[in-house]
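Chemist: start_1.cif is reproduced below (mmCIF, C-alpha atoms).
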```cif
data_structure
#
loop_
_atom_site.label_atom_id
_atom_site.label_comp_id
_atom_site.auth_asym_id
_atom_site.auth_seq_id
_atom_site.Cartn_x
_atom_site.Cartn_y
_atom_site.Cartn_z
CA MET C 12 174.70 272.25 227.15
CA LEU C 13 173.55 275.11 229.38
CA VAL C 14 176.31 277.04 231.11
CA ARG C 15 175.42 278.96 234.25
CA LEU C 16 176.93 282.42 234.30
CA HIS C 17 176.13 283.07 237.95
CA ASN C 18 174.69 281.49 241.07
CA PRO C 19 170.85 281.76 241.35
CA GLU C 20 171.35 283.35 244.78
CA GLU C 21 173.62 286.07 243.42
CA PRO C 22 171.82 289.42 243.05
CA VAL C 23 172.46 290.64 239.50
CA TYR C 24 169.18 292.09 238.17
CA VAL C 25 168.55 295.82 238.62
CA ILE C 26 165.00 296.90 239.43
CA SER C 27 164.13 297.90 235.85
CA VAL C 28 165.15 294.48 234.48
CA ALA C 29 163.45 292.64 237.36
CA SER C 30 160.21 294.58 236.84
CA ARG C 31 160.28 293.89 233.09
CA LEU C 32 160.86 290.15 233.66
CA LEU C 33 157.96 290.04 236.13
CA GLY C 34 155.63 292.25 234.12
CA VAL C 35 155.19 294.81 236.90
CA SER C 36 156.34 298.38 237.45
CA PRO C 37 159.47 299.32 239.43
CA HIS C 38 157.12 301.22 241.74
CA PHE C 39 155.33 297.94 242.55
CA LEU C 40 158.64 296.29 243.53
CA ARG C 41 159.56 299.29 245.71
CA MET C 42 156.13 299.03 247.38
CA LEU C 43 156.73 295.32 248.16
CA GLU C 44 160.06 296.29 249.70
CA ARG C 45 158.40 299.04 251.76
CA GLU C 46 155.80 296.51 252.97
CA GLY C 47 158.60 294.19 254.14
CA ILE C 48 157.85 291.34 251.75
CA LEU C 49 161.34 291.37 250.26
CA GLU C 50 164.56 293.22 250.89
CA PRO C 51 166.76 293.26 247.79
CA ALA C 52 170.52 293.56 247.96
CA ARG C 53 172.05 297.01 247.41
CA THR C 54 175.17 298.17 245.64
CA GLU C 55 177.56 300.74 247.11
CA LYS C 56 175.56 303.39 245.23
CA ASN C 57 172.30 302.07 246.79
CA ILE C 58 170.95 300.45 243.60
CA ARG C 59 168.58 297.54 244.24
CA LEU C 60 169.69 294.14 242.91
CA TYR C 61 167.55 291.00 242.69
CA SER C 62 168.63 287.37 242.34
CA GLU C 63 166.95 284.64 240.27
CA THR C 64 165.67 283.08 243.50
CA GLU C 65 164.13 286.40 244.53
CA LEU C 66 162.54 286.74 241.08
CA LEU C 67 160.88 283.34 241.51
CA PHE C 68 159.65 284.39 244.95
CA LEU C 69 158.36 287.68 243.50
CA ARG C 70 156.61 285.80 240.71
CA ARG C 71 154.68 283.91 243.43
CA VAL C 72 153.84 287.17 245.21
CA CYS C 73 152.69 288.79 241.94
CA HIS C 74 150.49 285.76 241.23
CA LEU C 75 148.86 286.04 244.66
CA ILE C 76 148.23 289.77 244.26
CA HIS C 77 147.22 290.00 240.60
CA GLU C 78 145.69 286.60 239.79
CA GLU C 79 144.29 285.52 243.15
CA ARG C 80 143.36 289.12 244.12
CA ILE C 81 144.83 288.85 247.64
CA ASN C 82 145.80 292.03 249.47
CA ILE C 83 149.25 292.65 251.01
CA PRO C 84 148.36 291.54 254.59
CA GLY C 85 146.85 288.37 253.10
CA VAL C 86 149.97 287.71 251.05
CA LYS C 87 152.12 288.15 254.17
CA ALA C 88 149.94 285.65 256.06
CA ILE C 89 150.13 283.12 253.21
CA LEU C 90 153.90 283.47 252.99
CA ARG C 91 154.23 283.00 256.76
CA LEU C 92 152.10 279.84 256.58
CA GLU C 93 154.11 278.48 253.67
CA MET C 94 157.36 279.10 255.52
CA THR C 95 155.95 277.42 258.64
CA GLU C 96 154.76 274.41 256.63
CA ALA C 97 158.15 274.16 254.95
CA SER C 98 159.94 274.15 258.30
CA PHE C 99 157.53 271.53 259.69
CA GLY C 100 158.09 269.45 256.57
CA LYS C 101 161.83 269.50 257.21
CA ILE C 102 161.24 268.40 260.81
CA GLU C 103 158.95 265.56 259.67
CA ARG C 104 161.43 264.39 257.01
CA ARG C 105 164.15 264.39 259.65
CA ARG C 106 161.95 262.37 262.03
CA VAL C 107 161.17 259.80 259.35
CA ALA C 108 164.86 259.57 258.46
CA ASP C 109 165.78 259.15 262.15
CA GLY C 110 163.27 256.31 262.56
CA PRO C 111 161.95 255.37 266.01
CA ALA C 112 164.48 257.62 267.73
CA GLY C 113 162.68 260.59 266.13
CA SER C 114 159.71 260.09 268.49
CA GLN C 115 162.05 260.83 271.38
CA ASP C 116 162.66 264.28 269.87
CA GLN C 117 158.90 264.85 269.80
CA ASP C 118 158.60 263.95 273.50
CA GLU C 119 161.41 266.38 274.30
CA THR C 120 159.74 269.11 272.22
CA GLU C 121 156.37 268.57 273.92
CA ALA C 122 158.05 268.72 277.31
CA GLU C 123 159.47 272.13 276.40
CA THR C 124 156.43 273.61 274.62
CA GLY C 125 153.50 271.47 275.81
CA PRO C 126 151.42 269.04 273.75
CA GLU C 127 150.00 270.12 270.44
CA THR C 128 146.38 271.12 270.95
CA GLY C 129 145.20 271.64 267.39
CA PRO C 130 143.63 274.74 265.89
CA GLU C 131 142.56 277.53 268.15
CA ARG C 132 138.79 277.78 268.63
CA ARG C 133 137.14 281.09 269.25
CA PRO C 134 134.11 281.27 271.55
CA GLN C 135 130.56 281.87 270.43
CA HIS C 136 129.04 285.19 271.43
CA ASN C 137 125.40 286.25 271.60
CA ASP C 138 124.18 289.33 269.77
CA PRO C 139 121.91 291.74 271.61
CA ALA C 140 119.18 290.65 269.19
CA GLY C 141 119.50 287.11 270.55
CA SER C 142 121.04 285.40 267.52
CA THR C 143 124.21 283.39 267.98
CA ARG C 144 127.19 284.49 265.91
CA LYS C 145 130.15 282.18 265.40
CA TRP C 146 133.62 283.67 265.17
CA ARG C 147 135.86 282.40 262.45
#
```
How would this structure read if it were set down as structure tokens?
Modeler:
Amino acid sequence: MLVRLHNPEEPVYVISVASRLLGVSPHFLRMLEREGILEPARTEKNIRLYSETELLFLRRVCHLIHEERINIPGVKAILRLEMTEASFGKIERRRVADGPAGSQDQDETEAETGPETGPERRPQHNDPAGSTRKWR
């Protein structure tokens, strides 16, 4: 039987232990903090502490950077999209659980924000050479 010694949300790992568990340098973790990707808890003496949940999140970030070769702005964009998808998923699950009354919430939301229009399309522009270039 496995006995939990602490809550996964409780910050208990100092930066040296966290970096060793993740296979990265402490400098790398400080850089992620400086870039705003994660803000670890601090002790009274200003020592960084990481929780198990944060270590799992950092493992995902390290995978994106080292394995997928994505730069920091790209990682931030991916994390934002994942958080947005997760929040939409919660809304959809709530709508399904609410049944037909959930569609009333959608009507109220559209009245406040307008109807969903789909992905933004950027216009086509002509080059001086005459070729058409499509924006992504």
Chemist: Residues near segment 19-25 of chain C, anyone? I mean within 7 Å using all atoms listed in the file, not counting same-chain ones fewer than 5 positions away, as a PyMOL selection string.
Modeler: chain C and resi 52+59-64
Chemist: What is the distance between atom CA of Leu66 of chain C and atom CA of Leu33 of chain C, in Å to one decimal?
Modeler: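 Here the two named atoms are 7.5 Å from each other.
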Chemist: Please compute the atom CA of His74 of chain C-atom CA of Val86 of chain C distance, one decimal, in Å.
Modeler: 10.0 Å
Chemist: By how many Å are atom CA of Met94 of chain C and atom CA of Asn18 of chain C apart?
Modeler: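 Computing the Euclidean distance for atom CA of Met94 of chain C and atom CA of Asn18 of chain C yields 22.7 Å.
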Chemist: Of the candidates C:Gly85, C:Gly100, C:Glu65, C:Leu92, which one gets nearest to Glu44 of chain C if we count all atoms listed in the file?
Modeler: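 Going through C:Gly85, C:Gly100, C:Glu65, C:Leu92 one by one, the smallest distance to Glu44 of chain C is for C:Glu65.
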Chemist: Taking the file as I've supplied it (selection: the PyMOL selection byres ((chain C and resi 49) around 9)), which residues are included? Please answer as a list in words.
Modeler: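 That expression, the PyMOL selection byres ((chain C and resi 49) around 9), corresponds here to Leu40, Leu43, Glu44, Arg45, Glu46, Gly47, Ile48, Glu50, Pro51, Glu65, Phe68 and Leu69 of chain C.
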Chemist: If I wrap all listed atoms of segment 84-100 of chain C in a box with edges along x, y and z and add 4 Å on each side, what are its centre and edge lengths in Å to one decimal, as AutoDock Vina command-line options?
Modeler:
```
--center_x 153.4 --center_y 280.5 --center_z 255.4 --size_x 21.1 --size_y 30.1 --size_z 16.6
```
Chemist: Using only C-alpha atoms, which of the listed residues (C:Ile81, C:Ile58, C:Val107, C:Val72) sits closest to Ile26 of chain C?
Modeler: C:Ile58
